[in-house]
$ cat upload.tsv   # TSV, C-alpha atoms
chain	number	residue	atom	x	y	z
F	1	MET	CA	59.37	78.75	3.78
F	2	SER	CA	58.11	81.61	1.60
F	3	SER	CA	60.50	84.25	0.27
F	4	LYS	CA	58.58	86.87	2.27
F	5	THR	CA	59.10	84.87	5.48
F	6	GLU	CA	62.79	84.43	4.68
F	7	GLU	CA	63.08	88.16	4.04
F	8	THR	CA	61.44	88.97	7.37
F	9	LYS	CA	63.72	86.51	9.17
F	10	THR	CA	66.82	88.03	7.54
F	11	GLU	CA	65.79	91.56	8.51
F	12	SER	CA	65.03	90.46	12.06
F	13	LEU	CA	68.45	88.85	12.42
F	14	LEU	CA	70.16	91.94	11.02
F	15	ARG	CA	68.25	94.22	13.40
F	16	GLU	CA	69.54	92.08	16.27
F	17	LYS	CA	73.09	92.37	14.94
F	18	ALA	CA	72.69	96.14	14.79
F	19	ARG	CA	71.46	96.17	18.39
F	20	GLU	CA	74.47	94.11	19.50
F	21	ILE	CA	76.80	96.47	17.64
F	22	ARG	CA	75.22	99.49	19.35
F	23	PHE	CA	75.53	97.83	22.74
F	24	ASP	CA	79.22	97.16	22.20
F	25	VAL	CA	79.84	100.67	20.85
F	26	VAL	CA	78.43	102.27	23.98
F	27	LYS	CA	80.10	99.81	26.35
F	28	MET	CA	83.57	100.16	24.82
F	29	ILE	CA	83.40	103.97	24.77
F	30	GLY	CA	82.21	103.92	28.38
F	31	GLU	CA	85.10	101.63	29.32
F	32	ALA	CA	87.58	103.85	27.48
F	33	GLY	CA	86.24	107.09	28.91
F	34	SER	CA	86.50	108.71	25.48
F	35	GLY	CA	85.35	108.16	21.93
F	36	HIS	CA	82.68	109.09	19.40
F	37	PRO	CA	79.30	107.49	20.12
F	38	GLY	CA	76.96	109.69	18.03
F	39	GLY	CA	78.22	108.89	14.55
F	40	SER	CA	78.97	105.28	15.47
F	41	LEU	CA	75.41	104.63	16.62
F	42	SER	CA	73.91	106.26	13.53
F	43	ALA	CA	75.80	103.82	11.28
F	44	ALA	CA	75.11	100.56	13.15
F	45	ASP	CA	72.29	99.33	10.89
F	46	ILE	CA	74.40	99.96	7.80
F	47	MET	CA	77.32	98.06	9.29
F	48	ALA	CA	75.12	95.13	10.28
F	49	VAL	CA	73.85	94.72	6.71
F	50	LEU	CA	77.31	95.07	5.17
F	51	TYR	CA	79.14	92.65	7.45
F	52	PHE	CA	76.42	90.06	8.01
F	53	ASN	CA	74.63	90.01	4.68
F	54	LYS	CA	76.20	91.89	1.80
F	55	MET	CA	79.97	91.75	1.91
F	56	ARG	CA	82.05	88.79	0.83
F	57	HIS	CA	84.80	88.45	3.45
F	58	GLN	CA	86.66	85.85	5.51
F	59	PRO	CA	87.41	86.87	9.12
F	60	GLN	CA	89.92	84.02	9.48
F	61	ASN	CA	91.71	85.21	6.32
F	62	PRO	CA	91.57	89.04	6.42
F	63	ASP	CA	93.90	89.44	3.44
F	64	TRP	CA	91.91	87.18	1.11
F	65	GLU	CA	92.47	88.68	-2.36
F	66	ASP	CA	88.87	88.38	-3.53
F	67	ARG	CA	87.24	89.93	-0.47
F	68	ASP	CA	84.95	92.93	-0.70
F	69	ARG	CA	86.59	95.93	0.93
F	70	PHE	CA	85.08	98.25	3.53
F	71	ILE	CA	86.66	101.67	4.03
F	72	LEU	CA	85.71	103.76	7.05
F	73	SER	CA	86.41	107.27	5.80
F	74	LYS	CA	84.91	108.97	8.87
F	75	GLY	CA	87.55	107.39	11.06
F	76	HIS	CA	86.29	108.83	14.34
F	77	ALA	CA	83.44	106.28	14.11
F	78	ALA	CA	85.99	103.53	14.71
F	79	PRO	CA	83.91	101.93	17.51
F	80	VAL	CA	81.18	100.85	15.09
F	81	LEU	CA	83.79	99.24	12.82
F	82	TYR	CA	85.49	97.50	15.74
F	83	ALA	CA	82.16	96.18	17.01
F	84	ALA	CA	81.29	94.78	13.57
F	85	LEU	CA	84.74	93.20	13.20
F	86	ALA	CA	84.57	91.56	16.62
F	87	GLU	CA	81.05	90.27	16.01
F	88	SER	CA	82.25	88.87	12.66
F	89	GLY	CA	85.15	87.03	14.31
F	90	TYR	CA	88.20	89.06	13.27
F	91	PHE	CA	89.25	89.23	16.92
F	92	ASP	CA	87.87	88.31	20.33
F	93	ARG	CA	85.02	90.48	21.62
F	94	GLU	CA	86.89	91.03	24.89
F	95	THR	CA	89.42	93.04	22.90
F	96	LEU	CA	86.77	95.75	22.50
F	97	TRP	CA	87.19	96.79	26.13
F	98	SER	CA	90.80	97.79	25.39
F	99	LEU	CA	89.66	100.63	23.11
F	100	ARG	CA	92.04	103.62	23.28
F	101	LYS	CA	94.16	101.98	25.94
F	102	PHE	CA	97.96	101.96	25.73
F	103	GLY	CA	99.19	99.06	23.59
F	104	SER	CA	95.73	98.15	22.27
F	105	ILE	CA	95.19	97.16	18.65
F	106	LEU	CA	92.06	99.33	18.79
F	107	GLN	CA	93.24	102.90	18.48
F	108	GLY	CA	90.95	105.92	18.65
F	109	HIS	CA	91.01	105.91	14.86
F	110	PRO	CA	91.53	102.70	12.85
F	111	ASP	CA	95.11	101.57	12.28
F	112	MET	CA	95.56	99.03	9.47
F	113	ARG	CA	98.90	97.95	10.96
F	114	LYS	CA	97.31	96.81	14.20
F	115	ALA	CA	93.71	95.60	13.83
F	116	PRO	CA	92.82	92.72	11.48
F	117	GLY	CA	90.05	93.62	9.06
F	118	VAL	CA	90.93	97.33	8.92
F	119	GLU	CA	91.66	98.18	5.27
F	120	ILE	CA	93.11	101.68	5.71
F	121	SER	CA	94.26	103.85	8.58
F	122	ALA	CA	91.81	106.71	8.97
F	123	GLY	CA	91.49	109.93	10.89
F	124	SER	CA	91.89	112.98	8.68
F	125	LEU	CA	88.48	113.48	7.08
F	126	GLY	CA	88.15	113.25	3.33
F	127	GLN	CA	90.93	110.69	2.83
F	128	GLY	CA	88.94	107.45	2.76
F	129	LEU	CA	87.16	108.00	-0.53
F	130	PRO	CA	90.37	108.83	-2.46
F	131	ALA	CA	91.96	105.66	-1.05
F	132	ALA	CA	88.87	103.67	-2.03
F	133	ASN	CA	89.17	105.03	-5.56
F	134	GLY	CA	92.64	103.55	-5.84
F	135	ILE	CA	91.50	100.18	-4.50
F	136	ALA	CA	88.50	100.11	-6.85
F	137	LEU	CA	90.59	101.10	-9.86
F	138	ALA	CA	93.17	98.43	-8.97
F	139	GLY	CA	90.35	95.89	-8.90
F	140	LYS	CA	89.34	96.92	-12.41
F	141	LEU	CA	92.90	96.72	-13.72
F	142	ASP	CA	93.44	93.34	-12.07
F	143	LYS	CA	90.08	92.07	-13.37
F	144	LYS	CA	88.84	91.31	-9.86
F	145	ASP	CA	85.13	91.28	-9.07
F	146	TYR	CA	85.27	92.68	-5.54
F	147	THR	CA	83.25	95.73	-4.45
F	148	VAL	CA	84.63	98.59	-2.39
F	149	TYR	CA	82.18	100.02	0.15
F	150	VAL	CA	82.96	103.38	1.75
F	151	LEU	CA	81.22	105.00	4.71
F	152	ILE	CA	81.53	108.78	4.73
F	153	GLY	CA	80.02	111.41	7.00
F	154	ASP	CA	77.85	114.37	6.11
F	155	GLY	CA	80.21	116.85	7.76
F	156	GLU	CA	82.97	115.14	5.81
F	157	CYS	CA	81.27	116.31	2.62
F	158	GLN	CA	82.49	119.80	3.50
F	159	GLU	CA	85.97	118.54	2.57
F	160	GLY	CA	87.24	119.33	-0.93
F	161	ALA	CA	88.97	115.94	-1.16
F	162	ILE	CA	85.57	114.25	-1.23
F	163	TRP	CA	84.57	116.10	-4.39
F	164	GLU	CA	87.91	115.60	-6.10
F	165	ALA	CA	87.52	111.89	-5.43
F	166	ALA	CA	83.92	112.00	-6.69
F	167	LEU	CA	85.16	113.43	-10.00
F	168	PHE	CA	87.86	110.74	-10.27
F	169	ALA	CA	85.45	107.87	-9.60
F	170	SER	CA	82.92	108.93	-12.22
F	171	HIS	CA	85.64	109.68	-14.79
F	172	HIS	CA	86.97	106.14	-14.40
F	173	LYS	CA	83.47	104.62	-14.32
F	174	LEU	CA	84.13	102.83	-11.03
F	175	ASP	CA	80.94	100.78	-10.84
F	176	ASN	CA	82.64	98.56	-8.25
F	177	LEU	CA	82.56	101.47	-5.78
F	178	VAL	CA	79.64	102.16	-3.43
F	179	VAL	CA	79.65	105.15	-1.09
F	180	ILE	CA	77.25	105.18	1.84
F	181	LEU	CA	76.74	108.67	3.23
F	182	ASP	CA	75.70	108.70	6.89
F	183	TYR	CA	73.43	111.77	6.80
F	184	ASN	CA	72.62	112.42	10.45
F	185	ARG	CA	72.76	116.22	9.93
F	186	LEU	CA	74.98	116.93	12.93
F	187	GLN	CA	78.71	117.45	13.29
F	188	LEU	CA	81.02	118.36	16.18
F	189	GLY	CA	80.04	122.03	16.14
F	190	GLY	CA	76.29	121.56	15.72
F	191	VAL	CA	73.83	121.43	12.82
F	192	ILE	CA	75.39	120.85	9.39
F	193	ASP	CA	73.16	123.36	7.60
F	194	GLU	CA	74.03	126.10	10.08
F	195	ILE	CA	77.79	125.51	9.87
F	196	LEU	CA	78.29	124.89	6.14
F	197	THR	CA	75.37	123.49	4.20
F	198	ILE	CA	75.99	120.60	1.82
F	199	GLU	CA	72.60	120.83	0.15
F	200	PRO	CA	71.39	120.20	-2.49
F	201	LEU	CA	73.20	116.94	-1.74
F	202	ALA	CA	71.63	114.44	-4.16
F	203	GLU	CA	71.86	116.90	-7.04
F	204	LYS	CA	75.55	117.54	-6.32
F	205	TRP	CA	76.44	113.85	-6.54
F	206	GLN	CA	74.35	113.47	-9.69
F	207	ALA	CA	76.15	116.43	-11.25
F	208	PHE	CA	79.44	114.70	-10.49
F	209	GLY	CA	78.29	111.68	-12.49
F	210	TRP	CA	77.12	109.34	-9.73
F	211	GLU	CA	74.03	107.18	-9.44
F	212	VAL	CA	72.20	108.41	-6.34
F	213	LEU	CA	69.92	106.37	-4.08
F	214	GLU	CA	68.23	107.81	-0.97
F	215	ILE	CA	67.04	105.69	1.94
F	216	ASP	CA	66.15	105.60	5.60
F	217	GLY	CA	69.49	104.47	7.03
F	218	HIS	CA	67.78	102.67	9.92
F	219	ASP	CA	65.40	100.62	7.76
F	220	ILE	CA	67.09	97.27	7.21
F	221	GLY	CA	64.87	96.47	4.23
F	222	GLN	CA	65.74	99.73	2.50
F	223	ILE	CA	69.46	99.24	3.14
F	224	LEU	CA	69.32	95.73	1.66
F	225	GLU	CA	67.35	96.93	-1.36
F	226	ALA	CA	69.69	99.84	-2.05
F	227	LEU	CA	72.80	97.66	-1.85
F	228	ASP	CA	71.18	95.13	-4.19
F	229	LYS	CA	70.38	97.92	-6.67
F	230	ALA	CA	73.94	99.21	-6.46
F	231	GLU	CA	75.26	95.84	-7.63
F	232	ASN	CA	73.33	96.16	-10.88
F	233	ILE	CA	74.35	99.69	-11.86
F	234	ASN	CA	76.98	99.77	-14.58
F	235	ALA	CA	79.56	102.30	-15.79
F	236	LYS	CA	79.21	104.68	-12.85
F	237	PRO	CA	79.80	104.70	-9.09
F	238	VAL	CA	76.89	104.68	-6.64
F	239	VAL	CA	76.24	106.84	-3.59
F	240	ILE	CA	73.57	105.82	-1.09
F	241	ILE	CA	72.42	108.82	0.94
F	242	ALA	CA	71.30	107.23	4.19
F	243	HIS	CA	69.16	109.52	6.36
F	244	THR	CA	70.01	108.63	9.95
F	245	ILE	CA	69.73	109.83	13.54
F	246	LYS	CA	72.90	110.71	15.38
F	247	GLY	CA	73.12	108.66	18.58
F	248	LYS	CA	70.40	106.27	17.37
F	249	GLY	CA	69.24	103.83	20.03
F	250	VAL	CA	70.13	105.84	23.13
F	251	SER	CA	67.42	108.33	24.02
F	252	PHE	CA	69.59	111.06	25.51
F	253	MET	CA	72.15	110.84	22.68
F	254	GLU	CA	69.70	110.97	19.77
F	255	ASN	CA	69.86	114.16	17.65
F	256	ASN	CA	72.25	115.70	20.16
F	257	ALA	CA	75.54	117.06	18.81
F	258	ASP	CA	76.97	117.07	22.34
F	259	TRP	CA	77.40	113.31	21.93
F	260	HIS	CA	79.53	113.59	18.82
F	261	GLY	CA	82.70	112.92	20.75
F	262	LYS	CA	82.32	112.24	24.45
F	263	ALA	CA	81.88	109.19	26.64
F	264	PRO	CA	78.97	108.52	29.01
F	265	ASP	CA	79.70	108.57	32.72
F	266	LYS	CA	78.92	105.52	34.86
F	267	GLU	CA	75.28	106.42	35.43
F	268	GLN	CA	74.68	107.38	31.79
F	269	LEU	CA	76.37	104.17	30.64
F	270	GLU	CA	74.05	102.08	32.78
F	271	ILE	CA	70.98	103.83	31.34
F	272	ALA	CA	72.25	103.52	27.76
F	273	LEU	CA	73.05	99.81	28.04
F	274	LYS	CA	69.65	99.15	29.58
F	275	GLU	CA	67.96	100.93	26.67
F	276	LEU	CA	69.98	98.78	24.27
F	277	GLY	CA	68.82	95.58	25.90
F	278	GLY	CA	71.69	94.95	28.29

$ encode --input "upload.tsv" --output "structure tokens"
Amino acid sequence: MSSKTEETKTESLLREKAREIRFDVVKMIGEAGSGHPGGSLSAADIMAVLYFNKMRHQPQNPDWEDRDRFILSKGHAAPVLYAALAESGYFDRETLWSLRKFGSILQGHPDMRKAPGVEISAGSLGQGLPAANGIALAGKLDKKDYTVYVLIGDGECQEGAIWEAALFASHHKLDNLVVILDYNRLQLGGVIDEILTIEPLAEKWQAFGWEVLEIDGHDIGQILEALDKAENINAKPVVIIAHTIKGKGVSFMENNADWHGKAPDKEQLEIALKELGG
């Protein structure tokens, strides 16, 4: 089999994983009656590539010392993390339907004390990247070769903690740290640029000493290529600015800030699952 054929097969399999993740995101939020579909759906392709191609991890041994770490800094997108973890085998898929229910291991925001595979508890925006800095620096000091991947939101880049952490990471030359910025251009209150612009975004990260890559965050090939490039960049951290569509995959949710944090009703759920191949 040619390398081109193998590449096409890999991308096809990852696209199917992303579709399955989206399906489960919508279904679990529908079952819960609350949650954040928009920013979960925009990140599904990224999560598929990380968990089913790029990251070194062992679902049956979540605390394996040499695992790559994934940090969900935008914790409200917990459903996309839970879907990826279930699909990977960290827990049974049926557990997804307990999202946000009393006693469930799947809280509205990730809780590292409850769900296997969750590296840090998240919720307050801006906290994931500082935590990732500490994990990446510890890896350097312990002479470990793991990589720390962090998913942050575009609205989250309005938080000062993000930029303090950006300074820290470049100062310590954390080349084992890769930030993926889910740039869907919408936040709870509407359009990012109308609320508090974060542009010029690439130039800001460059000025803070980071290597910057920009991609289409729904193009599996571009995600794979960017993550491969990130592995070969030395002496500085990497940020991948992934241009995405909020609510990707569900027609009435796409590019609609109203779907930042609400669940579909029964009729909407049926339409959404049908569009996602259910």

$ residues_around --input "upload.tsv" --residues "F:Arg19" --least-positions-apart "3" --cutoff "9 Å" --atoms "all atoms listed in the file" --output "PyMOL selection string"
chain F and resi 14-16+22-24+44-45+48+249+276-277

$ atom_distance --input "upload.tsv" --atom1 "atom CA of F:Ala169" --atom2 "atom CA of F:Asn133"
6.2 Å

$ closest_residue --input "upload.tsv" --among "F:Ala77, F:Val178, F:Ala226, F:Ala165" --to "F:Leu129" --atoms "only C-alpha atoms"
F:Ala165

$ closest_residue --input "upload.tsv" --among "F:Leu99, F:Ala166, F:Leu181, F:Ala43" --to "F:Gly30" --atoms "all atoms listed in the file"
F:Leu99

$ residues_around --input "upload.tsv" --residues "F:Tyr90" --least-positions-apart "5" --cutoff "7 Å" --atoms "all atoms listed in the file" --output "count of residues only"
5

$ atom_distance --input "upload.tsv" --atom1 "atom CA of F:Gln127" --atom2 "atom CA of F:Ala161"
6.9 Å

$ closest_residue --input "upload.tsv" --among "F:Lys9, F:Lys54, F:Ser124, F:Lys173" --to "F:Ile233" --atoms "all atoms listed in the file"
F:Lys173

$ residues_around --input "upload.tsv" --residues "F:Thr244" --least-positions-apart "5" --cutoff "10 Å" --atoms "all atoms listed in the file" --output "list in words"
Gly39, Leu41, Ser42, Ala43, Asp45, Ile46, Leu181, Asp182, Tyr183, Asn184, Arg185, Ile215, Asp216, Gly217, His218, Asp219 and Asn255 of chain F

$ residues_near_point --input "upload.tsv" --point "(84.6, 104.8, -11.7)" --cutoff "12 Å" --atoms "only C-alpha atoms" --output "ChimeraX atom specification"
/F:129-130,132-141,147-148,165-179,208-211,233-239

$ residues_around --input "upload.tsv" --residues "stretch 257-265 of chain F" --least-positions-apart "6" --cutoff "6 Å" --atoms "only C-alpha atoms" --output "number ranges by chain"
F: 29-30, 33-36, 38, 186, 188, 190

$ write_last_selection --input "upload.tsv" --atoms "C-alpha atoms" --output "PDB file, keeping the file's coordinate frame"
ATOM      1  CA  ILE F  29      83.400 103.970  24.770  1.00  0.00           C
ATOM      2  CA  GLY F  30      82.210 103.920  28.380  1.00  0.00           C
ATOM      3  CA  GLY F  33      86.240 107.090  28.910  1.00  0.00           C
ATOM      4  CA  SER F  34      86.500 108.710  25.480  1.00  0.00           C
ATOM      5  CA  GLY F  35      85.350 108.160  21.930  1.00  0.00           C
ATOM      6  CA  HIS F  36      82.680 109.090  19.400  1.00  0.00           C
ATOM      7  CA  GLY F  38      76.960 109.690  18.030  1.00  0.00           C
ATOM      8  CA  LEU F 186      74.980 116.930  12.930  1.00  0.00           C
ATOM      9  CA  LEU F 188      81.020 118.360  16.180  1.00  0.00           C
ATOM     10  CA  GLY F 190      76.290 121.560  15.720  1.00  0.00           C
TER      11      GLY F 190
END

$ residues_around --input "upload.tsv" --residues "F:Ile195" --least-positions-apart "4" --cutoff "10 Å" --atoms "all atoms listed in the file" --output "list in words"
Gly155, Gln158, Leu186, Gln187, Gly189, Gly190 and Val191 of chain F

$ closest_residue --input "upload.tsv" --among "F:Asp111, F:Glu194, F:Glu31, F:Glu65" --to "F:Tyr82" --atoms "only C-alpha atoms"
F:Asp111

$ build_atoms --input "upload.tsv" --residues "stretch 207-228 of chain F" --atoms "N, CA and C atoms" --output "CSV table (one decimal), in the coordinates of the input"
chain,number,residue,atom,x,y,z
F,207,ALA,N,75.4,115.6,-10.4
F,207,ALA,CA,76.2,116.4,-11.2
F,207,ALA,C,77.6,116.0,-11.4
F,208,PHE,N,78.1,115.2,-10.4
F,208,PHE,CA,79.4,114.7,-10.5
F,208,PHE,C,79.5,113.3,-11.2
F,209,GLY,N,78.3,112.9,-11.7
F,209,GLY,CA,78.3,111.7,-12.5
F,209,GLY,C,78.0,110.4,-11.7
F,210,TRP,N,77.4,110.5,-10.5
F,210,TRP,CA,77.1,109.3,-9.7
F,210,TRP,C,75.7,108.9,-9.8
F,211,GLU,N,75.4,107.7,-9.6
F,211,GLU,CA,74.0,107.2,-9.4
F,211,GLU,C,73.7,107.4,-8.0
F,212,VAL,N,72.6,108.0,-7.7
F,212,VAL,CA,72.2,108.4,-6.3
F,212,VAL,C,71.0,107.7,-5.9
F,213,LEU,N,71.1,107.0,-4.7
F,213,LEU,CA,69.9,106.4,-4.1
F,213,LEU,C,69.7,107.0,-2.7
F,214,GLU,N,68.5,107.2,-2.3
F,214,GLU,CA,68.2,107.8,-1.0
F,214,GLU,C,67.4,106.9,-0.2
F,215,ILE,N,67.8,106.7,1.1
F,215,ILE,CA,67.0,105.7,1.9
F,215,ILE,C,67.0,106.2,3.4
F,216,ASP,N,66.1,105.5,4.1
F,216,ASP,CA,66.2,105.6,5.6
F,216,ASP,C,67.3,104.7,6.1
F,217,GLY,N,68.3,105.2,6.6
F,217,GLY,CA,69.5,104.5,7.0
F,217,GLY,C,69.3,103.6,8.2
F,218,HIS,N,68.1,103.6,8.8
F,218,HIS,CA,67.8,102.7,9.9
F,218,HIS,C,66.8,101.6,9.5
F,219,ASP,N,66.4,101.6,8.3
F,219,ASP,CA,65.4,100.6,7.8
F,219,ASP,C,66.2,99.5,7.1
F,220,ILE,N,66.3,98.4,7.7
F,220,ILE,CA,67.1,97.3,7.2
F,220,ILE,C,66.7,96.9,5.8
F,221,GLY,N,65.4,96.8,5.6
F,221,GLY,CA,64.9,96.5,4.2
F,221,GLY,C,65.3,97.4,3.2
F,222,GLN,N,65.3,98.7,3.5
F,222,GLN,CA,65.7,99.7,2.5
F,222,GLN,C,67.2,99.7,2.3
F,223,ILE,N,68.0,99.4,3.3
F,223,ILE,CA,69.5,99.2,3.1
F,223,ILE,C,69.8,98.1,2.2
F,224,LEU,N,69.1,96.9,2.5
F,224,LEU,CA,69.3,95.7,1.7
F,224,LEU,C,69.0,96.0,0.2
F,225,GLU,N,67.8,96.6,0.0
F,225,GLU,CA,67.4,96.9,-1.4
F,225,GLU,C,68.3,97.9,-2.1
F,226,ALA,N,68.8,98.9,-1.4
F,226,ALA,CA,69.7,99.8,-2.0
F,226,ALA,C,71.0,99.2,-2.4
F,227,LEU,N,71.5,98.3,-1.5
F,227,LEU,CA,72.8,97.7,-1.8
F,227,LEU,C,72.6,96.7,-3.0
F,228,ASP,N,71.5,96.0,-3.1
F,228,ASP,CA,71.2,95.1,-4.2
F,228,ASP,C,71.1,95.9,-5.5
